[in-house]
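*Asks:* Before anything else, here's the structure in question.
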Amino acid sequence: MPRGTHPRSLRRRTAAGCAALLLVLLTAGTAAGAPTPTPTPTPTPSRTDGSDPLDPRITEIMRKPGYRNAQWGLLQVDPDTGRTVHSRFPDQLFIPGSTAKLFSVSGAWHALGPDHRFVTPLYAVGERRGATLTGDLALVAQGDLTLGGRTRPDGTVAFTDLDHTYADDVPGATLTPQNPLAGIDLLARQVRASGITRVDGNVIVDDRLFAPEPVLIPTPTPLIVNDNLIDLTTTPGDRADAPARLDWRPKVAPYRVTSTVKTVAAGKPTAVTVTTSDNGTRIRLSGTIAAGAAPVLKVSPITDPAAFGRTALIEALERAGVDVTADPAGGNPVDRLPAGYEGRARVAAYTSPPFADYAKLILKVSHNLGANLGMCLMAVTTGSRACMDGFPVLASFLDEAKVDRAQVQLLDGRGGNPVDRSTPQAEIQMLTYWLRSPEARRFRESLPVLGVDGLLAENCRDCPARGKVFAKTGAAVGLDALNDRLGIGAITIAGYLDKGDGRFDVFYAGVTGASTPTTDPSGILDIANDVAMIAAHLQEAVAAPGAGQP
């Protein structure tokens, strides 16, 4: 039976989704809302650590009436001298949002190595006579985040500033042009090139690398195709009352997608709803889209990634000229897998881009699945199949990096669990570690760049700080049903301020306890823009002649 989403639940999910994206599509505009009474401004704490006075523009932001019950955290440090330039509640735990990815991605980078490549092999398990394999093909999943689905011709990983993984939560998400089945297709062509034209047996995905951990949301799986999502693109018809046009990918049996979305007059509301069957394989779109409107992207989860990958591979083999006798839409028969593959013929393999390219994808677009996957991959480096065993690996790394673990609390890699907390000081320590690493530039350039790309692409495009702030953003927002508004658990930013001549200050800025005037998610943009502008003002100050010096 199709399952729908209650309107209030949808509103709540949309609000939370905007929060998770933070700083996406930020503008200098002001969200509409009822006027707020002017309260007594929150005083700025006196400085007792010898740090510099705040730029008056920053003080003005922090003292806005909307922040009367909020608390700001701020820390800026000159790593060359160790001098604290600005400080406000540096050792207080804040909700980090996605700035928590600074810890998890750094840990995975250290554990795997920046140049680590995931090699996903395909083995022939059975007896081969001529062009016929009597037996099975086993695809051994290795935790490759994209399996070729985002790889450009030059071997780098493609991303858009607003990733498709956020399509259900934030309007404007877009797709990369790459074929999400590219890696699967390559494997199939390699099988054909090996001389096999018939498989008298089955195709199996070996997903024993690690066990899915439901605490991690979204839950990583050893085999991932298209971020374990079906992309659904609705485009308006040629005129009002015409059926909307539908496209979807990746097209793999037994998934079927239908649409009753109608085109309405230009300027009328666009509202597209997705419902699915219990197993997720029957997807239906309904609603309206305005004539002349931009395409609307939605996504639907792939509920059984291993079975999906098996079917995708069988269909790819058929396209490549390899006949498989097994039913493509059948289950994934893991009971047929061998204990190991020693002595088995490897007939194909897909090799990923280096892990540093995946880290860049995760940090630029705030890729939640990829950040959680890192926890599982850290566990695998110890020989464990339990993703929770990635946390001791991360803990050991943080100790080595001289990050005070007492100032960090994590129960996932993405920064979305209610327990997640970190102090401005801990995030500064993490960022400072990278400045002293041979990988300093590579890591810094993996972060969103103010006014240039990733989740900071639309910020400060014409301000002096454009291109000079490299920072991870974070947010946690939820519905305040009592007051019919959105509550801001946190909106944060942490990274590097370019001082010129190859020198950088490290910084953190964030606010907790703010709220929007209404439940309109656009109200989040004002708060996020304030945080972004604080980062811009900090950079402008250190870039000025004589600024940032003791």
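Chain lettering (A, B, ...) mirrors the order of the structure tokens, residue numbering begins at 1 for each chain separately, and ligand numbering begins at 1 in order of display.
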Report as number ranges by chain: the residues of range 149-334 of chain A with a DSSP assignment of strand (DSSP E or B), based on the backbone of this structure.

*Replies:* A: 151, 157, 198-200, 203-206, 211, 229-235, 243, 245-249, 256-259, 262-264, 271-276, 282-290, 296-301, 323-324

*Asks:* Would you mind listing what lies within 7 Å of Ala465 in chain A as a PDB file with N, CA and C atoms, in the first residue's frame, with only C-alpha atoms counted and same-chain residues fewer than 5 positions away left out?

*Replies:*
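Output (out_32.pdb):
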ATOM      1  N   ALA A 536      32.941  36.648   7.215  1.00  0.00           N
ATOM      2  CA  ALA A 536      33.478  37.609   6.242  1.00  0.00           C
ATOM      3  C   ALA A 536      34.151  38.786   6.943  1.00  0.00           C
ATOM      4  N   GLN A 539      37.526  37.857   8.343  1.00  0.00           N
ATOM      5  CA  GLN A 539      38.569  37.777   7.321  1.00  0.00           C
ATOM      6  C   GLN A 539      39.001  39.165   6.860  1.00  0.00           C
ATOM      7  N   GLU A 540      38.044  40.048   6.671  1.00  0.00           N
ATOM      8  CA  GLU A 540      38.388  41.398   6.216  1.00  0.00           C
ATOM      9  C   GLU A 540      39.315  42.086   7.213  1.00  0.00           C
TER      10      GLU A 540
END

*Asks:* Using CA of Val105 in chain A and CA of Gly454 in chain A as the two end points, give the distance in Å to one decimal.

*Replies:*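 A separation of 16.1 Å between them.
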
*Asks:* Could you pull out all residues of range 336-476 of chain A with a DSSP call of helix (DSSP H, G or I) and give them as an MDAnalysis selection string?

*Replies:* chainID A and resid 336 355:365 368:380 387:400 405:407 424:435 440:444 454:456

*Asks:* Which residues of range 361-431 of chain A come within 9 Å of range 487-498 of chain A, and what is each one's closest atom pair and distance in Å (one decimal), counting only C-alpha atoms, sorted by chain and residue number, as a tab-separated table?

*Replies:*
residue	atom	partner	partner_atom	distance
A:Pro424	CA	A:Ala494	CA	8.3
A:Glu427	CA	A:Ala494	CA	7.1
A:Ile428	CA	A:Ala494	CA	7.7
A:Leu431	CA	A:Gly495	CA	6.7

*Asks:* Once you count only C-alpha atoms, what closest atom pair and distance in Å to one decimal does each residue of range 305-396 of chain A within 8 Å of range 91-101 of chain A have, with rows by chain and rising residue number, as CSV?

*Replies:*
residue,atom,partner,partner_atom,distance
A:Leu363,CA,A:Lys101,CA,7.2
A:Ser366,CA,A:Ser98,CA,6.7
A:Ala371,CA,A:Lys101,CA,6.4

*Asks:* Output all heavy atoms of each residue in that selection to a file, as a short mmCIF file (atom, residue, chain, number, x, y, z; two decimals), in the first residue's frame.

*Replies:*
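Once everything was written out, this is selection.cif:
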data_model
loop_
_atom_site.label_atom_id
_atom_site.label_comp_id
_atom_site.auth_asym_id
_atom_site.auth_seq_id
_atom_site.Cartn_x
_atom_site.Cartn_y
_atom_site.Cartn_z
N LEU A 363 32.68 17.23 2.43
CA LEU A 363 32.79 18.53 3.07
C LEU A 363 32.13 19.64 2.26
O LEU A 363 31.49 20.54 2.82
CB LEU A 363 34.26 18.85 3.33
CG LEU A 363 34.96 17.94 4.34
CD1 LEU A 363 36.46 18.17 4.34
CD2 LEU A 363 34.39 18.13 5.74
N SER A 366 28.27 18.77 2.35
CA SER A 366 27.80 18.23 3.62
C SER A 366 27.07 16.91 3.40
O SER A 366 25.90 16.74 3.77
CB SER A 366 26.90 19.24 4.35
OG SER A 366 26.97 19.07 5.74
N ALA A 371 29.70 10.96 5.38
CA ALA A 371 30.31 11.19 6.70
C ALA A 371 30.07 10.01 7.63
O ALA A 371 30.97 9.59 8.37
CB ALA A 371 29.75 12.47 7.30
#

*Asks:* Looking at A:Ala242, A:Leu482, A:Ala211, A:Ala312, which one is nearest to Asp389 in chain A, with distances taken over only C-alpha atoms?

*Replies:*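 Closest to Asp389 in chain A, using only C-alpha atoms: A:Ala211.
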
*Asks:* Which residues are close to Trp434 in chain A, i.e. within 10 Å by only C-alpha atoms, leaving aside same-chain residues fewer than 5 positions away? Reply as an mmCIF file with N, CA, C and O atoms, in the first residue's frame.

*Replies:*
data_model
loop_
_atom_site.group_PDB
_atom_site.id
_atom_site.type_symbol
_atom_site.label_atom_id
_atom_site.label_comp_id
_atom_site.auth_asym_id
_atom_site.auth_seq_id
_atom_site.Cartn_x
_atom_site.Cartn_y
_atom_site.Cartn_z
ATOM 1 N N SER A 106 38.228 13.967 9.066
ATOM 2 C CA SER A 106 39.660 13.966 9.394
ATOM 3 C C SER A 106 40.109 12.589 9.874
ATOM 4 O O SER A 106 41.187 12.106 9.490
ATOM 5 N N ALA A 401 46.073 14.028 17.265
ATOM 6 C CA ALA A 401 45.977 15.369 16.684
ATOM 7 C C ALA A 401 45.934 16.458 17.747
ATOM 8 O O ALA A 401 45.832 17.640 17.405
ATOM 9 N N GLN A 429 41.220 23.291 17.437
ATOM 10 C CA GLN A 429 42.313 22.331 17.553
ATOM 11 C C GLN A 429 42.360 21.398 16.346
ATOM 12 O O GLN A 429 43.448 21.075 15.837
ATOM 13 N N GLU A 439 49.319 17.737 4.243
ATOM 14 C CA GLU A 439 48.076 17.781 3.484
ATOM 15 C C GLU A 439 47.282 19.056 3.761
ATOM 16 O O GLU A 439 46.087 19.123 3.449
ATOM 17 N N ALA A 440 47.921 20.082 4.327
ATOM 18 C CA ALA A 440 47.201 21.288 4.754
ATOM 19 C C ALA A 440 46.401 21.910 3.621
ATOM 20 O O ALA A 440 45.209 22.203 3.772
ATOM 21 N N ARG A 441 47.037 22.144 2.491
ATOM 22 C CA ARG A 441 46.331 22.799 1.384
ATOM 23 C C ARG A 441 45.224 21.907 0.833
ATOM 24 O O ARG A 441 44.126 22.379 0.541
ATOM 25 N N ARG A 442 45.510 20.624 0.712
ATOM 26 C CA ARG A 442 44.527 19.688 0.158
ATOM 27 C C ARG A 442 43.271 19.657 1.022
ATOM 28 O O ARG A 442 42.155 19.642 0.520
ATOM 29 N N PHE A 443 43.471 19.636 2.350
ATOM 30 C CA PHE A 443 42.313 19.629 3.242
ATOM 31 C C PHE A 443 41.577 20.960 3.193
ATOM 32 O O PHE A 443 40.346 20.992 3.099
ATOM 33 N N ARG A 444 42.314 22.061 3.267
ATOM 34 C CA ARG A 444 41.671 23.377 3.255
ATOM 35 C C ARG A 444 40.824 23.567 1.999
ATOM 36 O O ARG A 444 39.691 24.057 2.068
#

*Asks:* From the list A:Ala532, A:Leu486, A:Ile230, A:Asn202, which residue is nearest Gly513 in chain A when using only C-alpha atoms?

*Replies:*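 For Gly513 in chain A, the nearest of the candidates is A:Leu486.
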
*Asks:* Applying 9 Å and only C-alpha atoms, which residues near Phe159 in chain A remain after dropping the ones on its own chain fewer than 2 positions away? List them as a count of residues only.

*Replies:* 11

*Asks:* Per residue of range 457-529 of chain A within 7 Å of range 69-73 of chain A, record the nearest atom pair and its distance in Å to one decimal, counting only C-alpha atoms, with rows in chain order and ascending residue number, as CSV.

*Replies:*
residue,atom,partner,partner_atom,distance
A:Ala509,CA,A:Gly73,CA,5.7
A:Gly510,CA,A:Gly73,CA,5.2
A:Val511,CA,A:Trp72,CA,4.4
A:Thr512,CA,A:Gln71,CA,5.4
A:Gly513,CA,A:Ala70,CA,4.3
A:Ala514,CA,A:Ala70,CA,5.0

*Asks:* Let's have the selection written as a PDB file, in the first residue's frame, with C-alpha atoms.

*Replies:*
ATOM      1  CA  ALA A 509      31.474  31.215  14.916  1.00  0.00           C
ATOM      2  CA  GLY A 510      28.072  29.918  15.911  1.00  0.00           C
ATOM      3  CA  VAL A 511      24.785  30.690  17.570  1.00  0.00           C
ATOM      4  CA  THR A 512      22.421  28.553  19.626  1.00  0.00           C
ATOM      5  CA  GLY A 513      18.985  29.352  21.028  1.00  0.00           C
ATOM      6  CA  ALA A 514      17.762  31.642  18.239  1.00  0.00           C
TER       7      ALA A 514
END

*Asks:* Excluding Pro214 in chain A and any residue of its chain fewer than 3 positions from it, enumerate the residues within 12 Å of it, using only C-alpha atoms, and give them as a PDB file with N, CA and C atoms, in the first residue's frame.

*Replies:*
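Saved as around.pdb:
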ATOM      1  N   ALA A 211      28.361  -4.445   8.951  1.00  0.00           N
ATOM      2  CA  ALA A 211      26.921  -4.572   9.183  1.00  0.00           C
ATOM      3  C   ALA A 211      26.307  -3.178   9.278  1.00  0.00           C
ATOM      4  N   ILE A 217      22.281   7.632  10.852  1.00  0.00           N
ATOM      5  CA  ILE A 217      21.208   8.013   9.936  1.00  0.00           C
ATOM      6  C   ILE A 217      21.681   9.175   9.068  1.00  0.00           C
ATOM      7  N   PRO A 218      21.719   9.006   7.733  1.00  0.00           N
ATOM      8  CA  PRO A 218      21.397   7.822   6.951  1.00  0.00           C
ATOM      9  C   PRO A 218      22.390   6.685   7.199  1.00  0.00           C
ATOM     10  N   THR A 219      21.873   5.459   7.049  1.00  0.00           N
ATOM     11  CA  THR A 219      22.643   4.268   7.389  1.00  0.00           C
ATOM     12  C   THR A 219      23.524   3.839   6.227  1.00  0.00           C
ATOM     13  N   PRO A 220      24.842   3.813   6.419  1.00  0.00           N
ATOM     14  CA  PRO A 220      25.731   3.364   5.339  1.00  0.00           C
ATOM     15  C   PRO A 220      25.570   1.880   5.054  1.00  0.00           C
ATOM     16  N   THR A 221      25.834   1.507   3.820  1.00  0.00           N
ATOM     17  CA  THR A 221      25.836   0.115   3.389  1.00  0.00           C
ATOM     18  C   THR A 221      27.123  -0.140   2.611  1.00  0.00           C
ATOM     19  N   ASN A 372      28.862   9.456   7.609  1.00  0.00           N
ATOM     20  CA  ASN A 372      28.582   8.278   8.438  1.00  0.00           C
ATOM     21  C   ASN A 372      29.346   7.058   7.934  1.00  0.00           C
ATOM     22  N   CYS A 376      32.158   3.698   9.600  1.00  0.00           N
ATOM     23  CA  CYS A 376      32.214   2.263   9.297  1.00  0.00           C
ATOM     24  C   CYS A 376      33.561   1.882   8.702  1.00  0.00           C
ATOM     25  N   ALA A 386      31.637  -3.960  12.834  1.00  0.00           N
ATOM     26  CA  ALA A 386      30.709  -3.131  13.600  1.00  0.00           C
ATOM     27  C   ALA A 386      31.089  -1.667  13.437  1.00  0.00           C
ATOM     28  N   CYS A 387      30.203  -0.888  12.844  1.00  0.00           N
ATOM     29  CA  CYS A 387      30.510   0.518  12.577  1.00  0.00           C
ATOM     30  C   CYS A 387      30.836   1.290  13.849  1.00  0.00           C
ATOM     31  N   MET A 388      30.224   0.892  14.976  1.00  0.00           N
ATOM     32  CA  MET A 388      30.506   1.594  16.229  1.00  0.00           C
ATOM     33  C   MET A 388      31.973   1.471  16.637  1.00  0.00           C
ATOM     34  N   LEU A 411      27.930  10.741  18.301  1.00  0.00           N
ATOM     35  CA  LEU A 411      27.317   9.430  18.116  1.00  0.00           C
ATOM     36  C   LEU A 411      27.008   9.186  16.636  1.00  0.00           C
ATOM     37  N   ASP A 412      27.612   9.951  15.761  1.00  0.00           N
ATOM     38  CA  ASP A 412      27.548   9.700  14.336  1.00  0.00           C
ATOM     39  C   ASP A 412      28.693  10.457  13.682  1.00  0.00           C
ATOM     40  N   ASN A 417      23.127  13.650  15.364  1.00  0.00           N
ATOM     41  CA  ASN A 417      22.572  12.944  16.512  1.00  0.00           C
ATOM     42  C   ASN A 417      22.350  13.918  17.668  1.00  0.00           C
TER      43      ASN A 417
END
